[in-house]
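Visitor: Enclosed is the structure file my_file28.cif (mmCIF, C-alpha atoms).
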data_upload
#
loop_
_atom_site.label_atom_id
_atom_site.label_comp_id
_atom_site.auth_asym_id
_atom_site.auth_seq_id
_atom_site.Cartn_x
_atom_site.Cartn_y
_atom_site.Cartn_z
CA MET A 1 -31.41 79.63 -208.57
CA GLY A 2 -30.23 76.46 -206.90
CA SER A 3 -29.66 75.96 -203.21
CA GLN A 4 -26.55 73.83 -203.53
CA GLY A 5 -23.71 75.47 -201.68
CA GLU A 6 -25.80 78.44 -200.52
CA THR A 7 -25.80 79.50 -196.89
CA ALA A 8 -29.04 80.75 -195.36
CA LEU A 9 -29.42 82.67 -192.12
CA VAL A 10 -32.70 82.36 -190.23
CA THR A 11 -33.12 85.13 -187.66
CA GLY A 12 -35.46 83.96 -184.93
CA GLY A 13 -34.68 80.41 -186.01
CA ALA A 14 -35.58 78.93 -182.62
CA GLY A 15 -39.10 80.27 -182.92
CA PHE A 16 -42.16 78.42 -184.21
CA ILE A 17 -41.93 79.50 -187.85
CA GLY A 18 -38.15 79.92 -187.87
CA SER A 19 -37.43 76.38 -186.69
CA HIS A 20 -39.79 74.87 -189.30
CA LEU A 21 -38.03 76.99 -191.91
CA ALA A 22 -34.56 75.90 -190.76
CA ARG A 23 -35.59 72.25 -191.10
CA ARG A 24 -36.95 72.78 -194.62
CA LEU A 25 -33.79 74.63 -195.69
CA LEU A 26 -31.65 71.72 -194.49
CA GLU A 27 -33.86 69.29 -196.43
CA GLN A 28 -33.36 71.45 -199.54
CA GLY A 29 -29.57 71.30 -199.26
CA TYR A 30 -28.79 74.72 -197.78
CA SER A 31 -26.17 75.31 -195.11
CA VAL A 32 -28.16 76.85 -192.25
CA ARG A 33 -27.18 79.38 -189.62
CA VAL A 34 -29.62 80.45 -186.90
CA LEU A 35 -29.55 83.72 -184.94
CA ASP A 36 -31.71 83.80 -181.81
CA ASN A 37 -31.59 85.30 -178.33
CA PHE A 38 -34.17 82.79 -176.98
CA ALA A 39 -36.39 85.56 -175.61
CA THR A 40 -39.39 83.89 -177.24
CA GLY A 41 -37.68 81.10 -179.22
CA ARG A 42 -37.20 77.72 -177.58
CA ARG A 43 -34.05 75.60 -177.59
CA GLU A 44 -36.08 72.41 -177.88
CA ASN A 45 -37.33 73.61 -181.28
CA LEU A 46 -33.74 73.24 -182.53
CA THR A 47 -32.90 69.97 -180.74
CA PRO A 48 -33.67 67.71 -183.74
CA ILE A 49 -31.35 69.73 -186.02
CA ALA A 50 -28.81 71.05 -183.49
CA ASP A 51 -25.93 69.05 -185.05
CA ASP A 52 -26.77 70.24 -188.57
CA ILE A 53 -26.93 74.01 -188.07
CA GLU A 54 -24.63 76.77 -186.90
CA LEU A 55 -26.17 78.60 -183.93
CA VAL A 56 -25.33 82.22 -183.20
CA GLU A 57 -26.78 83.45 -179.93
CA GLY A 58 -27.57 87.13 -179.92
CA ASP A 59 -30.11 89.91 -180.19
CA ILE A 60 -31.07 91.60 -183.46
CA GLN A 61 -30.98 94.91 -181.59
CA SER A 62 -27.16 94.58 -181.73
CA TYR A 63 -25.78 95.48 -185.16
CA GLU A 64 -22.46 93.82 -184.30
CA ARG A 65 -24.16 90.53 -183.47
CA VAL A 66 -26.34 90.64 -186.58
CA ASN A 67 -23.38 91.56 -188.76
CA ALA A 68 -21.42 88.57 -187.45
CA ALA A 69 -24.37 86.26 -188.14
CA VAL A 70 -25.01 87.57 -191.67
CA ARG A 71 -21.38 87.42 -192.80
CA GLY A 72 -20.90 84.80 -195.51
CA CYS A 73 -24.63 84.22 -196.08
CA ASP A 74 -26.33 84.22 -199.48
CA LEU A 75 -29.88 84.42 -198.15
CA VAL A 76 -31.44 85.86 -195.02
CA PHE A 77 -34.85 84.80 -193.74
CA HIS A 78 -35.76 87.45 -191.20
CA GLN A 79 -38.23 85.81 -188.81
CA ALA A 80 -37.03 87.38 -185.56
CA ALA A 81 -39.55 89.70 -183.93
CA LEU A 82 -41.28 90.40 -180.67
CA PRO A 83 -44.72 89.07 -181.56
CA SER A 84 -48.16 89.69 -180.08
CA VAL A 85 -50.56 92.60 -180.26
CA PRO A 86 -51.29 92.52 -176.48
CA ARG A 87 -47.59 92.58 -175.62
CA SER A 88 -47.03 95.61 -177.87
CA ILE A 89 -49.89 97.44 -176.19
CA GLN A 90 -48.35 96.77 -172.78
CA ASP A 91 -44.84 97.71 -173.92
CA PRO A 92 -44.78 99.54 -177.26
CA LEU A 93 -41.18 100.69 -176.90
CA THR A 94 -39.65 97.21 -176.70
CA SER A 95 -41.78 95.90 -179.57
CA THR A 96 -40.67 98.85 -181.70
CA ASN A 97 -37.00 98.49 -180.80
CA VAL A 98 -36.97 94.79 -181.71
CA ASN A 99 -39.21 94.89 -184.77
CA VAL A 100 -38.04 98.15 -186.35
CA THR A 101 -34.45 98.75 -185.22
CA GLY A 102 -33.80 95.01 -185.31
CA THR A 103 -35.02 94.80 -188.90
CA LEU A 104 -32.90 97.81 -189.84
CA ASN A 105 -29.84 96.04 -188.41
CA VAL A 106 -30.62 92.93 -190.47
CA LEU A 107 -31.00 95.00 -193.64
CA LEU A 108 -27.81 96.99 -193.03
CA ALA A 109 -25.80 93.85 -192.33
CA SER A 110 -27.29 92.13 -195.39
CA ARG A 111 -26.42 95.12 -197.58
CA ASP A 112 -22.88 95.18 -196.25
CA ALA A 113 -22.46 91.42 -196.78
CA ASP A 114 -23.83 91.44 -200.36
CA VAL A 115 -26.65 89.06 -199.44
CA ARG A 116 -28.58 87.84 -202.50
CA ARG A 117 -32.03 88.35 -200.96
CA VAL A 118 -33.73 89.07 -197.63
CA VAL A 119 -37.12 87.45 -197.09
CA SER A 120 -38.76 89.30 -194.20
CA ALA A 121 -41.73 88.20 -192.12
CA SER A 122 -44.48 90.80 -192.00
CA SER A 123 -48.04 90.56 -190.72
CA SER A 124 -51.66 90.86 -191.80
CA SER A 125 -52.06 93.19 -188.83
CA VAL A 126 -50.74 96.03 -191.02
CA TYR A 127 -54.20 96.28 -192.62
CA GLY A 128 -55.66 97.04 -189.21
CA ALA A 129 -58.85 99.08 -189.23
CA ASN A 130 -59.36 98.90 -192.99
CA PRO A 131 -62.77 97.16 -193.24
CA GLU A 132 -62.47 95.99 -196.84
CA LEU A 133 -62.38 92.22 -197.41
CA PRO A 134 -60.54 90.37 -198.72
CA LYS A 135 -57.34 92.22 -197.90
CA ARG A 136 -55.37 93.16 -201.02
CA GLU A 137 -51.81 94.45 -200.88
CA SER A 138 -52.93 97.63 -202.65
CA LEU A 139 -55.26 98.59 -199.79
CA PRO A 140 -54.20 101.47 -197.53
CA ALA A 141 -52.60 100.11 -194.36
CA LEU A 142 -54.31 101.34 -191.20
CA PRO A 143 -52.45 99.56 -188.39
CA MET A 144 -54.15 99.69 -184.98
CA SER A 145 -51.67 98.22 -182.50
CA PRO A 146 -48.04 99.23 -181.90
CA TYR A 147 -47.07 95.74 -183.12
CA ALA A 148 -48.83 96.35 -186.44
CA VAL A 149 -47.19 99.77 -186.79
CA SER A 150 -43.78 98.21 -186.16
CA LYS A 151 -44.33 95.54 -188.84
CA LEU A 152 -45.44 98.16 -191.37
CA ALA A 153 -42.35 100.24 -190.59
CA ALA A 154 -40.15 97.17 -191.07
CA GLU A 155 -41.81 96.58 -194.46
CA GLY A 156 -41.10 100.18 -195.38
CA PHE A 157 -37.42 99.74 -194.60
CA CYS A 158 -37.32 96.59 -196.75
CA ARG A 159 -38.80 98.48 -199.69
CA SER A 160 -36.44 101.41 -199.08
CA PHE A 161 -33.35 99.18 -199.08
CA THR A 162 -34.42 97.66 -202.40
CA GLN A 163 -34.90 101.08 -203.96
CA VAL A 164 -31.96 102.94 -202.41
CA TYR A 165 -29.30 100.25 -201.90
CA ASP A 166 -30.35 97.70 -204.53
CA LEU A 167 -30.74 95.00 -201.83
CA ASP A 168 -33.30 92.40 -202.90
CA THR A 169 -36.03 92.15 -200.26
CA VAL A 170 -39.39 90.39 -200.19
CA ALA A 171 -41.91 90.92 -197.37
CA LEU A 172 -44.45 88.21 -196.55
CA ARG A 173 -47.60 89.29 -194.74
CA TYR A 174 -48.47 86.24 -192.65
CA PHE A 175 -52.10 85.61 -191.75
CA ASN A 176 -52.62 83.58 -188.55
CA VAL A 177 -49.99 80.89 -188.98
CA PHE A 178 -50.52 77.75 -186.88
CA GLY A 179 -49.22 74.22 -186.53
CA PRO A 180 -47.02 71.88 -184.47
CA GLY A 181 -44.38 73.57 -182.35
CA GLN A 182 -46.35 76.65 -181.33
CA ASP A 183 -46.05 77.22 -177.58
CA PRO A 184 -49.52 76.68 -176.06
CA THR A 185 -48.36 77.73 -172.58
CA SER A 186 -47.46 81.33 -173.40
CA GLN A 187 -49.86 84.04 -172.23
CA TYR A 188 -49.54 85.34 -175.79
CA SER A 189 -50.30 81.95 -177.30
CA ALA A 190 -52.09 81.95 -180.63
CA VAL A 191 -55.69 80.82 -180.53
CA ILE A 192 -55.40 77.40 -182.18
CA PRO A 193 -52.74 75.91 -179.86
CA SER A 194 -54.71 77.20 -176.89
CA PHE A 195 -57.90 75.60 -178.28
CA ILE A 196 -56.13 72.28 -178.94
CA THR A 197 -54.54 72.25 -175.49
CA ALA A 198 -57.95 72.91 -173.92
CA TYR A 199 -59.35 69.87 -175.75
CA LEU A 200 -56.39 67.67 -174.78
CA THR A 201 -56.73 68.62 -171.10
CA GLY A 202 -60.53 68.82 -170.87
CA ARG A 203 -60.55 72.51 -169.95
CA SER A 204 -62.96 75.07 -171.31
CA PRO A 205 -61.46 76.88 -174.33
CA ILE A 206 -61.14 80.64 -173.85
CA ILE A 207 -62.60 82.94 -176.50
CA HIS A 208 -61.97 86.68 -176.44
CA GLY A 209 -65.28 88.22 -177.51
CA ASP A 210 -68.24 86.41 -179.08
CA GLY A 211 -66.20 84.03 -181.26
CA GLU A 212 -67.71 85.30 -184.48
CA GLN A 213 -64.49 87.12 -185.35
CA SER A 214 -62.94 85.39 -188.34
CA ARG A 215 -59.39 84.67 -189.41
CA ASP A 216 -57.61 83.38 -192.50
CA PHE A 217 -55.80 80.55 -190.72
CA CYS A 218 -52.70 79.30 -192.53
CA TYR A 219 -51.03 75.99 -191.73
CA ILE A 220 -47.28 76.23 -191.12
CA GLU A 221 -46.23 74.19 -194.18
CA ASN A 222 -47.99 76.67 -196.48
CA THR A 223 -46.01 79.48 -194.86
CA ILE A 224 -42.72 77.63 -195.28
CA ASP A 225 -43.57 76.95 -198.94
CA ALA A 226 -44.07 80.70 -199.40
CA ASN A 227 -40.67 81.51 -197.88
CA MET A 228 -38.91 79.05 -200.16
CA LEU A 229 -40.69 80.47 -203.20
CA ALA A 230 -39.87 84.04 -202.14
CA ALA A 231 -36.18 83.13 -201.93
CA THR A 232 -36.06 82.06 -205.57
CA ALA A 233 -38.70 84.30 -207.22
CA GLY A 234 -37.57 86.54 -210.06
CA PRO A 235 -36.27 90.12 -209.70
CA GLU A 236 -39.79 91.54 -210.18
CA ALA A 237 -40.63 90.29 -206.65
CA ALA A 238 -37.95 92.52 -205.08
CA GLY A 239 -39.29 95.32 -202.93
CA GLU A 240 -42.78 93.80 -202.90
CA ALA A 241 -45.05 92.59 -200.09
CA PHE A 242 -47.25 89.51 -200.48
CA ASN A 243 -50.18 88.12 -198.51
CA ILE A 244 -49.52 84.56 -197.33
CA ALA A 245 -52.66 82.70 -196.26
CA CYS A 246 -55.25 80.25 -197.57
CA GLY A 247 -57.56 82.87 -199.06
CA ALA A 248 -60.50 81.76 -196.91
CA ARG A 249 -61.78 82.85 -193.52
CA ILE A 250 -63.32 80.88 -190.69
CA SER A 251 -64.71 82.07 -187.36
CA LEU A 252 -63.30 81.00 -184.01
CA ASN A 253 -66.63 79.37 -183.20
CA ALA A 254 -66.42 77.37 -186.43
CA MET A 255 -62.88 76.23 -185.60
CA LEU A 256 -64.12 75.02 -182.21
CA ALA A 257 -66.93 73.17 -183.99
CA GLU A 258 -64.29 71.49 -186.17
CA LEU A 259 -62.41 70.39 -183.05
CA ARG A 260 -65.63 69.08 -181.48
CA GLU A 261 -66.37 67.06 -184.59
CA HIS A 262 -62.81 65.77 -184.89
CA THR A 263 -62.47 64.73 -181.23
CA GLY A 264 -66.04 63.87 -180.33
CA ILE A 265 -65.51 65.91 -177.15
CA GLU A 266 -68.12 68.47 -176.06
CA LEU A 267 -66.55 71.46 -174.31
CA GLU A 268 -68.35 74.74 -173.74
CA PRO A 269 -66.11 77.75 -174.38
CA THR A 270 -65.60 80.51 -171.83
CA HIS A 271 -66.10 83.95 -173.32
CA VAL A 272 -64.03 86.80 -171.93
CA ASP A 273 -63.64 90.42 -173.00
CA ALA A 274 -62.44 91.13 -176.52
CA ARG A 275 -58.82 92.29 -176.66
CA PRO A 276 -58.02 95.89 -177.56
CA GLY A 277 -56.28 96.27 -180.90
CA ASP A 278 -57.64 93.00 -182.26
CA VAL A 279 -59.08 93.08 -185.76
CA ARG A 280 -62.63 91.75 -186.17
CA HIS A 281 -62.27 89.98 -189.52
CA SER A 282 -59.25 88.93 -191.54
CA HIS A 283 -59.33 87.41 -195.02
CA ALA A 284 -56.52 87.47 -197.59
CA ASP A 285 -56.59 87.93 -201.31
CA ILE A 286 -53.64 85.71 -202.29
CA SER A 287 -53.74 86.33 -206.05
CA LYS A 288 -50.59 88.51 -205.97
CA ALA A 289 -48.58 85.75 -204.25
CA GLN A 290 -49.99 83.20 -206.67
CA ALA A 291 -48.91 85.29 -209.66
CA GLY A 292 -45.66 86.73 -208.28
CA LEU A 293 -44.30 83.79 -206.29
CA GLY A 294 -46.13 80.77 -207.67
CA TYR A 295 -47.62 80.30 -204.20
CA SER A 296 -50.53 77.92 -203.75
CA PRO A 297 -51.60 76.76 -200.26
CA GLN A 298 -51.49 72.96 -200.12
CA VAL A 299 -53.16 72.48 -196.72
CA THR A 300 -56.59 73.89 -195.83
CA ALA A 301 -57.24 75.34 -192.38
CA GLU A 302 -59.49 72.40 -191.49
CA GLU A 303 -56.92 69.82 -192.60
CA GLY A 304 -54.20 71.76 -190.80
CA LEU A 305 -56.26 71.74 -187.59
CA ARG A 306 -56.43 67.93 -187.72
CA LEU A 307 -52.69 67.66 -188.41
CA ALA A 308 -51.88 70.07 -185.57
CA TYR A 309 -54.18 68.25 -183.15
CA ALA A 310 -52.50 64.93 -183.95
CA ALA A 311 -49.04 66.42 -183.39
CA TYR A 312 -49.99 68.04 -180.06
CA ALA A 313 -51.68 64.81 -178.91
CA GLU A 314 -48.58 62.78 -179.79
CA ASP A 315 -46.37 65.28 -177.97
CA ALA A 316 -48.60 65.18 -174.87
CA ALA A 317 -48.58 61.36 -174.90
CA GLY A 318 -44.79 61.37 -175.20
CA ARG A 319 -44.45 63.63 -172.16
CA VAL A 320 -46.72 61.36 -170.10
CA ALA A 321 -44.74 58.27 -171.18
#
Would you write out, as structure tokens, the structure that this file holds?
Guide:
Amino acid sequence: MGSQGETALVTGGAGFIGSHLARRLLEQGYSVRVLDNFATGRRENLTPIADDIELVEGDIQSYERVNAAVRGCDLVFHQAALPSVPRSIQDPLTSTNVNVTGTLNVLLASRDADVRRVVSASSSSVYGANPELPKRESLPALPMSPYAVSKLAAEGFCRSFTQVYDLDTVALRYFNVFGPGQDPTSQYSAVIPSFITAYLTGRSPIIHGDGEQSRDFCYIENTIDANMLAATAGPEAAGEAFNIACGARISLNAMLAELREHTGIELEPTHVDARPGDVRHSHADISKAQAGLGYSPQVTAEEGLRLAYAAYAEDAAGRVA
């Protein structure tokens, strides 16, 4: 299905992933609308494309606001969420209201507006305490944190709307997405931007735990590729969930070693207590996404780390200038 003349809504479009997605959609010829309340999204993420998109300010917890944003759209990319395991542990009610009720509002509005497909951002955290590696979509989900529970519930609503209301939905289980544009200053910052910022400023990188925990780090462009493929995949993808990652895992200590090698800078990490609700190891089986979406990660974690470092360094130099 072609993109010419189609209108796509990106909920959470001012966020890290959402803003990258909005840019790609514009490049592919879509008309783009963004819905964001700027609770975690940043206006500067939209600055380069502000004249090319339609911005709707509002919260996905309001059905009226979501309904207004969805009206007239062919596709909805549902990226809006209240992210972070630690935040959900501190305040499970707000995380649930945003991630579950907010998703339900997006699905209801999409059903009512005859949207062609909803591509919804899910999370590898849904696997939780299940020790089996690599993670396959057929594994029982054993979410540990309230955030993970909320993402699994949102997935369930997507599947339900496909079965009950015939609304095409595809859920993408993201594994540790990283890249330029992630906010390194947030207390909930993902590990790679915080590592890179430590190296750029000469501060000791912080590691929660011993650093031997491993993640399937996925560079942002791979994730955007997956969203674009999910939007145009055949009807057999509807109602399904897919792992989106590189299909390889690397420890935090190994990622720091990569940064040391890349920069030539020796920095000793500071180890602090492991965070409650964090999963020890994460590794995706991506064969379902390869078969069902035609997904193939183009950028390895190591190459992505170098690209991200260059982008953050350029940004830091620009701020100094």
Visitor: Which residue gives the smallest distance to Tyr147 in chain A among A:Pro184, A:Ala233, A:Gly239, A:Asp278, with all atoms listed in the file counted?
Guide: A:Asp278
Visitor: Given the PyMOL selection byres ((chain A and resi 245) around 10) and the file above, list the residues it selects as a short mmCIF file (atom, residue, chain, number, x, y, z; two decimals) with C-alpha atoms, in the coordinates of the input.
Guide:
data_model
loop_
_atom_site.label_atom_id
_atom_site.label_comp_id
_atom_site.auth_asym_id
_atom_site.auth_seq_id
_atom_site.Cartn_x
_atom_site.Cartn_y
_atom_site.Cartn_z
CA SER A 124 -51.66 90.86 -191.80
CA LEU A 172 -44.45 88.21 -196.55
CA ARG A 173 -47.60 89.29 -194.74
CA TYR A 174 -48.47 86.24 -192.65
CA PHE A 175 -52.10 85.61 -191.75
CA ASN A 176 -52.62 83.58 -188.55
CA VAL A 177 -49.99 80.89 -188.98
CA ARG A 215 -59.39 84.67 -189.41
CA ASP A 216 -57.61 83.38 -192.50
CA PHE A 217 -55.80 80.55 -190.72
CA CYS A 218 -52.70 79.30 -192.53
CA TYR A 219 -51.03 75.99 -191.73
CA ILE A 220 -47.28 76.23 -191.12
CA ASN A 222 -47.99 76.67 -196.48
CA THR A 223 -46.01 79.48 -194.86
CA ALA A 226 -44.07 80.70 -199.40
CA PHE A 242 -47.25 89.51 -200.48
CA ASN A 243 -50.18 88.12 -198.51
CA ILE A 244 -49.52 84.56 -197.33
CA CYS A 246 -55.25 80.25 -197.57
CA GLY A 247 -57.56 82.87 -199.06
CA ALA A 248 -60.50 81.76 -196.91
CA ARG A 249 -61.78 82.85 -193.52
CA HIS A 283 -59.33 87.41 -195.02
CA ALA A 284 -56.52 87.47 -197.59
CA ASP A 285 -56.59 87.93 -201.31
CA ILE A 286 -53.64 85.71 -202.29
CA ALA A 289 -48.58 85.75 -204.25
CA TYR A 295 -47.62 80.30 -204.20
CA SER A 296 -50.53 77.92 -203.75
CA PRO A 297 -51.60 76.76 -200.26
CA THR A 300 -56.59 73.89 -195.83
CA ALA A 301 -57.24 75.34 -192.38
#
Visitor: So, counting only C-alpha atoms, which residue among A:Asp273, A:Asp114, A:Glu212, A:Glu155 is closest to Asp74 in chain A?
Guide: A:Asp114
Visitor: Applied to the shown file, which residues does the PyMOL selection byres ((chain A and resi 23) around 10) return, written as a list in words?
Guide: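 After applying the PyMOL selection byres ((chain A and resi 23) around 10), what remains is Gly13, Gly18, Ser19, His20, Leu21, Ala22, Arg24, Leu25, Leu26, Glu27, Gln28, Tyr30, Val32, Leu46, Pro48, Ile49, Asp52, Ile53 and Ile224 of chain A.
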Visitor: List as number ranges by chain the protein and nucleic acid residues near Met255 in chain A, meaning an atom at most 9 Å away when all atoms listed in the file are counted, but skip any in the same chain fewer than 6 places from it.
Guide: A: 192, 195, 301-302, 305
Visitor: Could you pull the residues within 6 Å of Gln213 in chain A, counting all atoms listed in the file, minus those fewer than 5 positions along the same chain, as a VMD selection string?
Guide: chain A and resid 251 280 to 281
Visitor: Write the selection just made, keeping C-alpha atoms, as a compact mmCIF listing (two decimals), keeping the file's coordinate frame?
Guide:
# COMPACT_ATOMS: atom_id res chain seq x y z
CA SER A 251 -64.71 82.07 -187.36
CA ARG A 280 -62.63 91.75 -186.17
CA HIS A 281 -62.27 89.98 -189.52
Visitor: Just checking: using all atoms listed in the file, which residue out of A:Pro83, A:Glu258, A:Phe38, A:Ala238 ends up closest to Gln163 in chain A?
Guide: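 Checking each candidate against Gln163 in chain A, we get A:Ala238 as the closest.
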Visitor: Expand the PyMOL selection byres ((chain A and resi 36) around 9) into the individual residues it matches in the shown file, reporting them as number ranges by chain.
Guide: A: 10-15, 34-35, 37-41, 55-60, 80
Visitor: Please, what distance in Å, to one decimal, runs between CA of Gly29 in chain A and CA of Ala230 in chain A?
Guide: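 Answer for the CA of Gly29 in chain A to CA of Ala230 in chain A separation: 16.6 Å.
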Visitor: A:Phe161, A:Tyr127, A:Phe178, A:Phe77: which is nearest Ala308 in chain A, counting all atoms listed in the file?
Guide: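 With all atoms listed in the file as the atom set, the closest residue is A:Phe178.
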Visitor: Compile the contact shell of Ser186 in chain A as a short mmCIF file (atom, residue, chain, number, x, y, z; two decimals) with C-alpha atoms, keeping the file's coordinate frame: residues with an atom at most 12 Å away, counting all atoms listed in the file, same-chain residues fewer than 3 positions apart removed.
Guide:
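Ended up saving to part-v2.cif:
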data_model
loop_
_atom_site.label_atom_id
_atom_site.label_comp_id
_atom_site.auth_asym_id
_atom_site.auth_seq_id
_atom_site.Cartn_x
_atom_site.Cartn_y
_atom_site.Cartn_z
CA THR A 40 -39.39 83.89 -177.24
CA GLY A 41 -37.68 81.10 -179.22
CA ARG A 42 -37.20 77.72 -177.58
CA PRO A 83 -44.72 89.07 -181.56
CA SER A 84 -48.16 89.69 -180.08
CA ARG A 87 -47.59 92.58 -175.62
CA GLN A 182 -46.35 76.65 -181.33
CA ASP A 183 -46.05 77.22 -177.58
CA SER A 189 -50.30 81.95 -177.30
CA ALA A 190 -52.09 81.95 -180.63
CA VAL A 191 -55.69 80.82 -180.53
CA PRO A 193 -52.74 75.91 -179.86
CA SER A 194 -54.71 77.20 -176.89
CA THR A 197 -54.54 72.25 -175.49
#
Visitor: Just how far from CA of Tyr199 in chain A is CA of Glu266 in chain A, in Å to one decimal?
Guide: 8.9 Å
